[in-house]
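Read through the structure below, which is laid out as structure tokens, and then see the notes.
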Amino acid sequence: TSTHDMARVLQGENDLLTDLRLYVAGLERKVNLTRLILDDAIKRQQQARIDPEAYVANPLNSLPLVRRMHMDAGKILKSMKLEPAADQQQISDYRLDVITETDLEEAIKGLLRIQQIYELDERHMVQGQLSQKQYNARLSTLDCLAVARHLRKNGEDEQAIRWLELALEQYPGTPEPVYQLLKIDRAAILRELAHIQITRDNWPAVGRSYAQVLEHASRAQDKQEALAFIAAAKQHLVHLRLCRGHSLPLVSSSLRCRYNTASAPFLRLAPLKLEQLSLDPYMVLYHDVVQANEREHIMQLAKPHLRRALVGAARAHSQRFAMNAGFSYNDSRQGQRLRQRLEDMSGFDLTNSGQLAVLNYGIGGQYYMHYDCWFSQDDAAQVASIKDNRIATILLYLTDVQLGGLTSFPALGLAVQPSPGSALIWHNMNNAAECDRRTLHAACPLLLGTRWVATQWIDVKGQWRTKRCLANPSN
Ligand SMILES: O=C(O)CCC(=O)C(=O)O
Ligand SMILES: [Fe+2]
């Protein structure tokens, strides 16, 4: 052997020591955690020993008991089993399956029944108070969470929110390692809270919840998600302001109203009234371009085919917003003429675009915030999406909307008032042929009247003549 060799062995032993140290630290953590759980359980058992019958007769004791045995005990044992130990066999033989989901559900229902019948306050219950009497028992974060999830499953969202808030209030009560073992953290509870608030369209609350998620999230991915939701919440608030008629003043002084005679030869003979709303992204409003008889024609043909429209996010939020039907231009002379006009106005070729989508909104009907184009996740998808995406949208307003029902563009701070016969045109994709986030839009809930619009989404295929200044030269 050489000293050089010995140094290697020494290093080897050092490495081994490092491993052993980690192993011991792990065991210590486990011992500490087990002691915490044990101490807590012993305290409760001592309390119960005085009068077991009376103890379990109190729902503030029985619910946590069943919940712990049904939900926590299994996870705790599983984690113990992961480490080799002398009494491992004993642990493995332990049977937990006698305590079922039904037991837990019954316990929760019992507690909620008492709350309802005796009109008890949730917070008082959690703190151990049952109608004026203070008990030496409390509900933990995990108990509250179990109650909240039960309520949510049964569609009792409002109550579920209160129990989630209580779960958060109780959070400091349990040591962090125990939460980790049980795979519960504050951010997860806040996320559950936010998801209910999203389905209830309570965006200020969504923003607040995710601001807290951001504080407590440790993983980069969670932080990113929280930031995205905070941004979405902000946009919803702008959207609501726009819907209420608080349009931001248009800033650009280069915007004009004029007669369009340029985008197609035909327009030189029959110019159209054009109002520029935004230059980048490009957005214009044409006035009086769809005649009353044409509007009637579109609506009449669509009526027998109207179906409930549920798209994307709208489905997730089960927000029924409108009925829709396809209108085929080729079925009538009027249709063909209209199609030609849309091409003239937009400068785009409609050969590769689908039918005109006719939408009818009832009172309260809305179109959730969305993009008409899609985003690609990676480079390959990006290339594909450039070939299969919607470069622009033409939105025809067919009826006079009495109250509400604006089309809002939160990222641009502008909202368009439907006026029968006008057509809104905007470009969804920027010059790099990417879906432009600033084109986010929505139809505000209709307050009064009936709202008919027709949308022509324009496919990017074959539009190179019109929009060709792409950043990527390969396109
Ligand atoms: O009805 C509106 O104002 C918006 C419709 C829309 O966004 C669409 O059809 O894509
Ligand atoms: Fe849209």
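By order in the structure tokens, chains are A, B, ...; within a chain, residues start at 1; ligands start at 1, following the order shown.
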List as a ChimeraX atom specification the protein and nucleic acid residues lying within 6 Å of ligand 1, with only C-alpha atoms and all ligand atoms counted.
/A:372,407,442-443,453,455
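Around region 113-119 of chain A, within 10 Å and counting only C-alpha atoms, the residues found are Pro59, Ala107, Met125, Leu130 and Ser131 of chain A, once anything fewer than 6 positions away on its own chain is removed.
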Could you give me the residues within 12 Å of ligand 2, counting only C-alpha atoms and all ligand atoms, as a ChimeraX atom specification?
/A:311-312,357,359,366-374,390,392-396,407-409,424-428,439-444,453-458
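Taking the backbone of this structure through DSSP, the residues of region 55-263 of chain A that come out as strand (DSSP E or B) are Gln129, Leu130, Lys133, Gln134, Cys257, Arg258, Tyr259 and Asn260 of chain A.
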For the selection just defined, write its residues with N, CA and C atoms to a file, as a PDB file, in the first residue's frame.
ATOM      1  N   GLN A 129     -65.547  25.073  21.213  1.00  0.00           N
ATOM      2  CA  GLN A 129     -66.720  25.584  21.914  1.00  0.00           C
ATOM      3  C   GLN A 129     -67.974  25.035  21.258  1.00  0.00           C
ATOM      4  N   LEU A 130     -68.787  24.331  22.063  1.00  0.00           N
ATOM      5  CA  LEU A 130     -70.066  23.838  21.561  1.00  0.00           C
ATOM      6  C   LEU A 130     -71.145  24.500  22.392  1.00  0.00           C
ATOM      7  N   LYS A 133     -70.332  26.147  25.803  1.00  0.00           N
ATOM      8  CA  LYS A 133     -69.461  25.371  26.679  1.00  0.00           C
ATOM      9  C   LYS A 133     -68.096  25.151  26.013  1.00  0.00           C
ATOM     10  N   GLN A 134     -67.062  25.417  26.755  1.00  0.00           N
ATOM     11  CA  GLN A 134     -65.711  25.263  26.204  1.00  0.00           C
ATOM     12  C   GLN A 134     -65.160  23.881  26.556  1.00  0.00           C
ATOM     13  N   CYS A 257     -60.536  57.941 -37.931  1.00  0.00           N
ATOM     14  CA  CYS A 257     -61.733  57.410 -38.557  1.00  0.00           C
ATOM     15  C   CYS A 257     -61.642  57.793 -40.031  1.00  0.00           C
ATOM     16  N   ARG A 258     -61.924  56.833 -40.907  1.00  0.00           N
ATOM     17  CA  ARG A 258     -61.830  57.185 -42.326  1.00  0.00           C
ATOM     18  C   ARG A 258     -62.663  56.223 -43.154  1.00  0.00           C
ATOM     19  N   TYR A 259     -62.717  56.483 -44.456  1.00  0.00           N
ATOM     20  CA  TYR A 259     -63.352  55.539 -45.368  1.00  0.00           C
ATOM     21  C   TYR A 259     -62.263  54.637 -45.926  1.00  0.00           C
ATOM     22  N   ASN A 260     -62.476  53.352 -45.820  1.00  0.00           N
ATOM     23  CA  ASN A 260     -61.471  52.427 -46.341  1.00  0.00           C
ATOM     24  C   ASN A 260     -61.720  52.195 -47.824  1.00  0.00           C
TER      25      ASN A 260
END
Enumerate, as a PDB file with C-alpha atoms, in the first residue's frame, the complete set of residues in region 123-365 of chain A that a backbone-based DSSP assignment places in helix (DSSP H, G or I).
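Below you can see out_10.pdb, which holds the result:
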ATOM      1  CA  ARG A 123     -64.828  29.055  14.275  1.00  0.00           C
ATOM      2  CA  HIS A 124     -66.192  28.446  17.772  1.00  0.00           C
ATOM      3  CA  MET A 125     -66.488  24.757  17.027  1.00  0.00           C
ATOM      4  CA  VAL A 126     -62.946  24.567  15.742  1.00  0.00           C
ATOM      5  CA  THR A 141     -55.949  22.070  10.025  1.00  0.00           C
ATOM      6  CA  LEU A 142     -56.297  18.513   8.747  1.00  0.00           C
ATOM      7  CA  ASP A 143     -59.730  18.109  10.343  1.00  0.00           C
ATOM      8  CA  CYS A 144     -60.923  21.381   8.827  1.00  0.00           C
ATOM      9  CA  LEU A 145     -59.513  20.385   5.471  1.00  0.00           C
ATOM     10  CA  ALA A 146     -61.363  17.061   5.563  1.00  0.00           C
ATOM     11  CA  VAL A 147     -64.618  18.891   6.327  1.00  0.00           C
ATOM     12  CA  ALA A 148     -63.961  21.419   3.552  1.00  0.00           C
ATOM     13  CA  ARG A 149     -63.304  18.701   0.987  1.00  0.00           C
ATOM     14  CA  HIS A 150     -66.462  16.899   1.994  1.00  0.00           C
ATOM     15  CA  LEU A 151     -68.462  20.102   1.552  1.00  0.00           C
ATOM     16  CA  ARG A 152     -66.855  20.816  -1.776  1.00  0.00           C
ATOM     17  CA  LYS A 153     -67.644  17.355  -3.048  1.00  0.00           C
ATOM     18  CA  ASP A 157     -68.728  25.856  -1.952  1.00  0.00           C
ATOM     19  CA  GLU A 158     -69.534  28.752   0.302  1.00  0.00           C
ATOM     20  CA  GLN A 159     -69.256  26.647   3.420  1.00  0.00           C
ATOM     21  CA  ALA A 160     -66.180  24.895   2.037  1.00  0.00           C
ATOM     22  CA  ILE A 161     -64.462  28.283   1.718  1.00  0.00           C
ATOM     23  CA  ARG A 162     -65.101  29.015   5.399  1.00  0.00           C
ATOM     24  CA  TRP A 163     -63.650  25.662   6.453  1.00  0.00           C
ATOM     25  CA  LEU A 164     -60.598  26.143   4.252  1.00  0.00           C
ATOM     26  CA  GLU A 165     -60.041  29.517   5.867  1.00  0.00           C
ATOM     27  CA  LEU A 166     -60.262  27.844   9.262  1.00  0.00           C
ATOM     28  CA  ALA A 167     -57.814  25.189   8.089  1.00  0.00           C
ATOM     29  CA  LEU A 168     -55.373  28.015   7.360  1.00  0.00           C
ATOM     30  CA  GLU A 169     -56.030  29.683  10.703  1.00  0.00           C
ATOM     31  CA  TYR A 171     -52.152  25.779  10.475  1.00  0.00           C
ATOM     32  CA  PRO A 172     -49.514  26.877  12.984  1.00  0.00           C
ATOM     33  CA  GLY A 173     -50.930  24.351  15.468  1.00  0.00           C
ATOM     34  CA  GLU A 176     -44.274  21.352  10.054  1.00  0.00           C
ATOM     35  CA  PRO A 177     -42.639  17.883   9.780  1.00  0.00           C
ATOM     36  CA  VAL A 178     -45.990  16.274  10.471  1.00  0.00           C
ATOM     37  CA  TYR A 179     -47.569  18.254   7.659  1.00  0.00           C
ATOM     38  CA  GLN A 180     -44.749  17.221   5.388  1.00  0.00           C
ATOM     39  CA  LEU A 181     -45.282  13.585   6.254  1.00  0.00           C
ATOM     40  CA  ARG A 186     -50.274  25.932   3.301  1.00  0.00           C
ATOM     41  CA  ALA A 187     -49.822  26.585  -0.409  1.00  0.00           C
ATOM     42  CA  ALA A 188     -51.921  23.520  -1.240  1.00  0.00           C
ATOM     43  CA  ILE A 189     -54.764  24.710   0.993  1.00  0.00           C
ATOM     44  CA  LEU A 190     -54.577  28.194  -0.490  1.00  0.00           C
ATOM     45  CA  ARG A 191     -54.705  26.680  -3.957  1.00  0.00           C
ATOM     46  CA  GLU A 192     -57.848  24.762  -3.096  1.00  0.00           C
ATOM     47  CA  LEU A 193     -59.359  27.986  -1.819  1.00  0.00           C
ATOM     48  CA  ALA A 194     -58.433  29.831  -5.000  1.00  0.00           C
ATOM     49  CA  HIS A 195     -59.957  27.136  -7.200  1.00  0.00           C
ATOM     50  CA  ILE A 196     -63.322  27.515  -5.537  1.00  0.00           C
ATOM     51  CA  GLN A 197     -63.051  31.279  -5.890  1.00  0.00           C
ATOM     52  CA  ILE A 198     -62.330  30.896  -9.595  1.00  0.00           C
ATOM     53  CA  THR A 199     -65.500  28.873 -10.134  1.00  0.00           C
ATOM     54  CA  TRP A 203     -61.280  37.414  -8.804  1.00  0.00           C
ATOM     55  CA  PRO A 204     -60.211  39.787  -6.041  1.00  0.00           C
ATOM     56  CA  ALA A 205     -60.225  36.750  -3.721  1.00  0.00           C
ATOM     57  CA  VAL A 206     -58.339  34.638  -6.282  1.00  0.00           C
ATOM     58  CA  GLY A 207     -55.664  37.338  -6.479  1.00  0.00           C
ATOM     59  CA  ARG A 208     -55.367  37.475  -2.686  1.00  0.00           C
ATOM     60  CA  SER A 209     -55.147  33.687  -2.324  1.00  0.00           C
ATOM     61  CA  TYR A 210     -52.450  33.348  -4.948  1.00  0.00           C
ATOM     62  CA  ALA A 211     -50.473  36.251  -3.458  1.00  0.00           C
ATOM     63  CA  GLN A 212     -50.336  34.097  -0.307  1.00  0.00           C
ATOM     64  CA  VAL A 213     -49.516  30.965  -2.315  1.00  0.00           C
ATOM     65  CA  LEU A 214     -46.574  32.892  -3.712  1.00  0.00           C
ATOM     66  CA  GLU A 215     -45.381  33.612  -0.163  1.00  0.00           C
ATOM     67  CA  HIS A 216     -45.536  29.991   0.891  1.00  0.00           C
ATOM     68  CA  ALA A 220     -40.314  27.217  -8.740  1.00  0.00           C
ATOM     69  CA  GLN A 221     -43.174  25.680 -10.683  1.00  0.00           C
ATOM     70  CA  ASP A 222     -45.672  26.602  -7.958  1.00  0.00           C
ATOM     71  CA  LYS A 223     -44.365  30.139  -7.898  1.00  0.00           C
ATOM     72  CA  GLN A 224     -44.761  30.436 -11.628  1.00  0.00           C
ATOM     73  CA  GLU A 225     -48.304  29.133 -11.462  1.00  0.00           C
ATOM     74  CA  ALA A 226     -49.131  31.594  -8.685  1.00  0.00           C
ATOM     75  CA  LEU A 227     -47.768  34.510 -10.716  1.00  0.00           C
ATOM     76  CA  ALA A 228     -49.844  33.460 -13.727  1.00  0.00           C
ATOM     77  CA  PHE A 229     -52.996  33.364 -11.620  1.00  0.00           C
ATOM     78  CA  ILE A 230     -52.243  36.740 -10.057  1.00  0.00           C
ATOM     79  CA  ALA A 231     -51.905  38.195 -13.553  1.00  0.00           C
ATOM     80  CA  ALA A 232     -55.145  36.527 -14.649  1.00  0.00           C
ATOM     81  CA  ALA A 233     -56.936  37.904 -11.591  1.00  0.00           C
ATOM     82  CA  LYS A 234     -55.743  41.406 -12.462  1.00  0.00           C
ATOM     83  CA  GLN A 235     -56.978  41.006 -16.007  1.00  0.00           C
ATOM     84  CA  HIS A 236     -60.358  39.865 -14.759  1.00  0.00           C
ATOM     85  CA  LEU A 237     -60.644  42.974 -12.646  1.00  0.00           C
ATOM     86  CA  VAL A 238     -59.845  45.155 -15.645  1.00  0.00           C
ATOM     87  CA  HIS A 239     -62.391  43.149 -17.633  1.00  0.00           C
ATOM     88  CA  LEU A 240     -65.062  43.817 -15.013  1.00  0.00           C
ATOM     89  CA  ARG A 241     -64.291  47.529 -15.025  1.00  0.00           C
ATOM     90  CA  LEU A 242     -64.528  47.549 -18.818  1.00  0.00           C
ATOM     91  CA  CYS A 243     -67.848  45.692 -18.699  1.00  0.00           C
ATOM     92  CA  PHE A 266     -63.972  46.959 -54.795  1.00  0.00           C
ATOM     93  CA  LEU A 267     -63.750  49.383 -51.874  1.00  0.00           C
ATOM     94  CA  ARG A 268     -62.717  52.153 -54.243  1.00  0.00           C
ATOM     95  CA  LEU A 269     -66.257  52.030 -55.615  1.00  0.00           C
ATOM     96  CA  ALA A 292     -80.556  44.713 -41.761  1.00  0.00           C
ATOM     97  CA  ASN A 293     -81.837  42.084 -44.210  1.00  0.00           C
ATOM     98  CA  GLU A 294     -78.497  40.275 -44.120  1.00  0.00           C
ATOM     99  CA  ARG A 295     -78.473  40.263 -40.341  1.00  0.00           C
ATOM    100  CA  GLU A 296     -81.985  38.825 -40.343  1.00  0.00           C
ATOM    101  CA  HIS A 297     -80.960  36.239 -42.914  1.00  0.00           C
ATOM    102  CA  ILE A 298     -77.998  35.045 -40.809  1.00  0.00           C
ATOM    103  CA  MET A 299     -80.079  34.791 -37.649  1.00  0.00           C
ATOM    104  CA  GLN A 300     -82.974  32.996 -39.384  1.00  0.00           C
ATOM    105  CA  LEU A 301     -80.694  30.383 -40.917  1.00  0.00           C
ATOM    106  CA  ALA A 302     -78.902  29.847 -37.603  1.00  0.00           C
ATOM    107  CA  LYS A 303     -81.965  29.564 -35.384  1.00  0.00           C
ATOM    108  CA  PRO A 304     -82.884  25.913 -36.049  1.00  0.00           C
ATOM    109  CA  HIS A 305     -79.289  24.835 -35.417  1.00  0.00           C
ATOM    110  CA  GLY A 312     -62.512  25.622 -23.182  1.00  0.00           C
ATOM    111  CA  ALA A 313     -62.371  27.527 -19.935  1.00  0.00           C
ATOM    112  CA  ALA A 314     -66.100  28.077 -20.086  1.00  0.00           C
ATOM    113  CA  ARG A 315     -66.643  24.356 -19.729  1.00  0.00           C
ATOM    114  CA  ALA A 316     -64.264  24.081 -16.811  1.00  0.00           C
ATOM    115  CA  TYR A 329     -71.848  31.285 -46.931  1.00  0.00           C
ATOM    116  CA  ASN A 330     -72.306  29.101 -49.968  1.00  0.00           C
ATOM    117  CA  ASP A 331     -75.935  28.283 -49.223  1.00  0.00           C
ATOM    118  CA  ARG A 333     -76.392  34.558 -52.727  1.00  0.00           C
ATOM    119  CA  GLN A 334     -76.493  36.842 -49.704  1.00  0.00           C
ATOM    120  CA  GLY A 335     -74.012  34.606 -47.932  1.00  0.00           C
ATOM    121  CA  GLN A 336     -71.601  34.709 -50.849  1.00  0.00           C
ATOM    122  CA  ARG A 337     -71.831  38.488 -51.060  1.00  0.00           C
ATOM    123  CA  LEU A 338     -71.197  38.792 -47.323  1.00  0.00           C
ATOM    124  CA  ARG A 339     -68.175  36.560 -47.529  1.00  0.00           C
ATOM    125  CA  GLN A 340     -66.717  38.696 -50.323  1.00  0.00           C
ATOM    126  CA  ARG A 341     -67.239  41.802 -48.210  1.00  0.00           C
ATOM    127  CA  LEU A 342     -65.498  40.224 -45.225  1.00  0.00           C
ATOM    128  CA  GLU A 343     -62.527  39.420 -47.433  1.00  0.00           C
ATOM    129  CA  ASP A 344     -62.487  42.969 -48.784  1.00  0.00           C
ATOM    130  CA  MET A 345     -62.679  44.517 -45.325  1.00  0.00           C
ATOM    131  CA  SER A 346     -60.085  42.320 -43.688  1.00  0.00           C
TER     132      SER A 346
END
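For the residues A:Val290, A:Met429, A:Val56, A:Ile37, ranking by smallest atom-to-atom distance to Asn389 (chain A) using only C-alpha atoms places A:Met429 first.
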Need to verify the contact set: Ser422 (chain A), 7 Å, only C-alpha atoms, exclusion of same-chain residues closer than 5 positions in sequence. Can you return it as an MDAnalysis selection string?
chainID A and resid 285:290 396:397
Could you turn the residues from that selection into a file that holds N, CA and C atoms, as a PDB file, in the first residue's frame?
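Output (out-v9.pdb):
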ATOM      1  N   LEU A 285     -62.855  48.955 -36.335  1.00  0.00           N
ATOM      2  CA  LEU A 285     -64.295  48.742 -36.285  1.00  0.00           C
ATOM      3  C   LEU A 285     -64.907  49.365 -37.537  1.00  0.00           C
ATOM      4  N   TYR A 286     -65.588  48.527 -38.325  1.00  0.00           N
ATOM      5  CA  TYR A 286     -66.301  49.033 -39.499  1.00  0.00           C
ATOM      6  C   TYR A 286     -67.752  49.296 -39.101  1.00  0.00           C
ATOM      7  N   HIS A 287     -68.275  50.427 -39.522  1.00  0.00           N
ATOM      8  CA  HIS A 287     -69.668  50.752 -39.183  1.00  0.00           C
ATOM      9  C   HIS A 287     -70.576  50.496 -40.379  1.00  0.00           C
ATOM     10  N   ASP A 288     -71.799  50.051 -40.082  1.00  0.00           N
ATOM     11  CA  ASP A 288     -72.843  49.863 -41.107  1.00  0.00           C
ATOM     12  C   ASP A 288     -72.362  49.036 -42.294  1.00  0.00           C
ATOM     13  N   VAL A 289     -71.795  47.879 -42.010  1.00  0.00           N
ATOM     14  CA  VAL A 289     -71.321  47.069 -43.140  1.00  0.00           C
ATOM     15  C   VAL A 289     -72.170  45.811 -43.371  1.00  0.00           C
ATOM     16  N   VAL A 290     -73.024  45.473 -42.418  1.00  0.00           N
ATOM     17  CA  VAL A 290     -73.924  44.334 -42.630  1.00  0.00           C
ATOM     18  C   VAL A 290     -75.351  44.875 -42.565  1.00  0.00           C
ATOM     19  N   LEU A 396     -69.002  40.146 -36.159  1.00  0.00           N
ATOM     20  CA  LEU A 396     -70.117  40.944 -36.683  1.00  0.00           C
ATOM     21  C   LEU A 396     -71.160  41.116 -35.585  1.00  0.00           C
ATOM     22  N   TYR A 397     -71.569  42.347 -35.351  1.00  0.00           N
ATOM     23  CA  TYR A 397     -72.633  42.598 -34.373  1.00  0.00           C
ATOM     24  C   TYR A 397     -73.963  42.634 -35.114  1.00  0.00           C
TER      25      TYR A 397
END
Coordinates-based distance that separates CA of Leu279 (chain A) from CA of Cys435 (chain A) (Å, one decimal)
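It comes out at 16.2 Å.
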Rounded to one decimal in Å, what is the spacing between CA of Asn430 (chain A) and CA of Val460 (chain A)?
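It comes out at 11.5 Å.
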Please indicate the distance in Å from CA of Pro420 (chain A) to CA of Leu448 (chain A), rounded to one decimal place.
15.3 Å
Asp97 (chain A): which residues within 10 Å, counting only C-alpha atoms, same-chain residues fewer than 5 positions away excluded, as a VMD selection string?
chain A and resid 69 to 70 74
Writer output for current selection, N, CA and C atoms, as a PDB file, in the first residue's frame:
ATOM      1  N   MET A  69     -57.593   8.255  12.294  1.00  0.00           N
ATOM      2  CA  MET A  69     -57.378   6.829  12.067  1.00  0.00           C
ATOM      3  C   MET A  69     -57.584   6.468  10.600  1.00  0.00           C
ATOM      4  N   HIS A  70     -58.503   7.165   9.947  1.00  0.00           N
ATOM      5  CA  HIS A  70     -58.767   6.835   8.541  1.00  0.00           C
ATOM      6  C   HIS A  70     -57.741   7.457   7.606  1.00  0.00           C
ATOM      7  N   GLY A  74     -52.506   5.718   8.399  1.00  0.00           N
ATOM      8  CA  GLY A  74     -51.929   4.944   7.306  1.00  0.00           C
ATOM      9  C   GLY A  74     -50.671   5.587   6.771  1.00  0.00           C
TER      10      GLY A  74
END
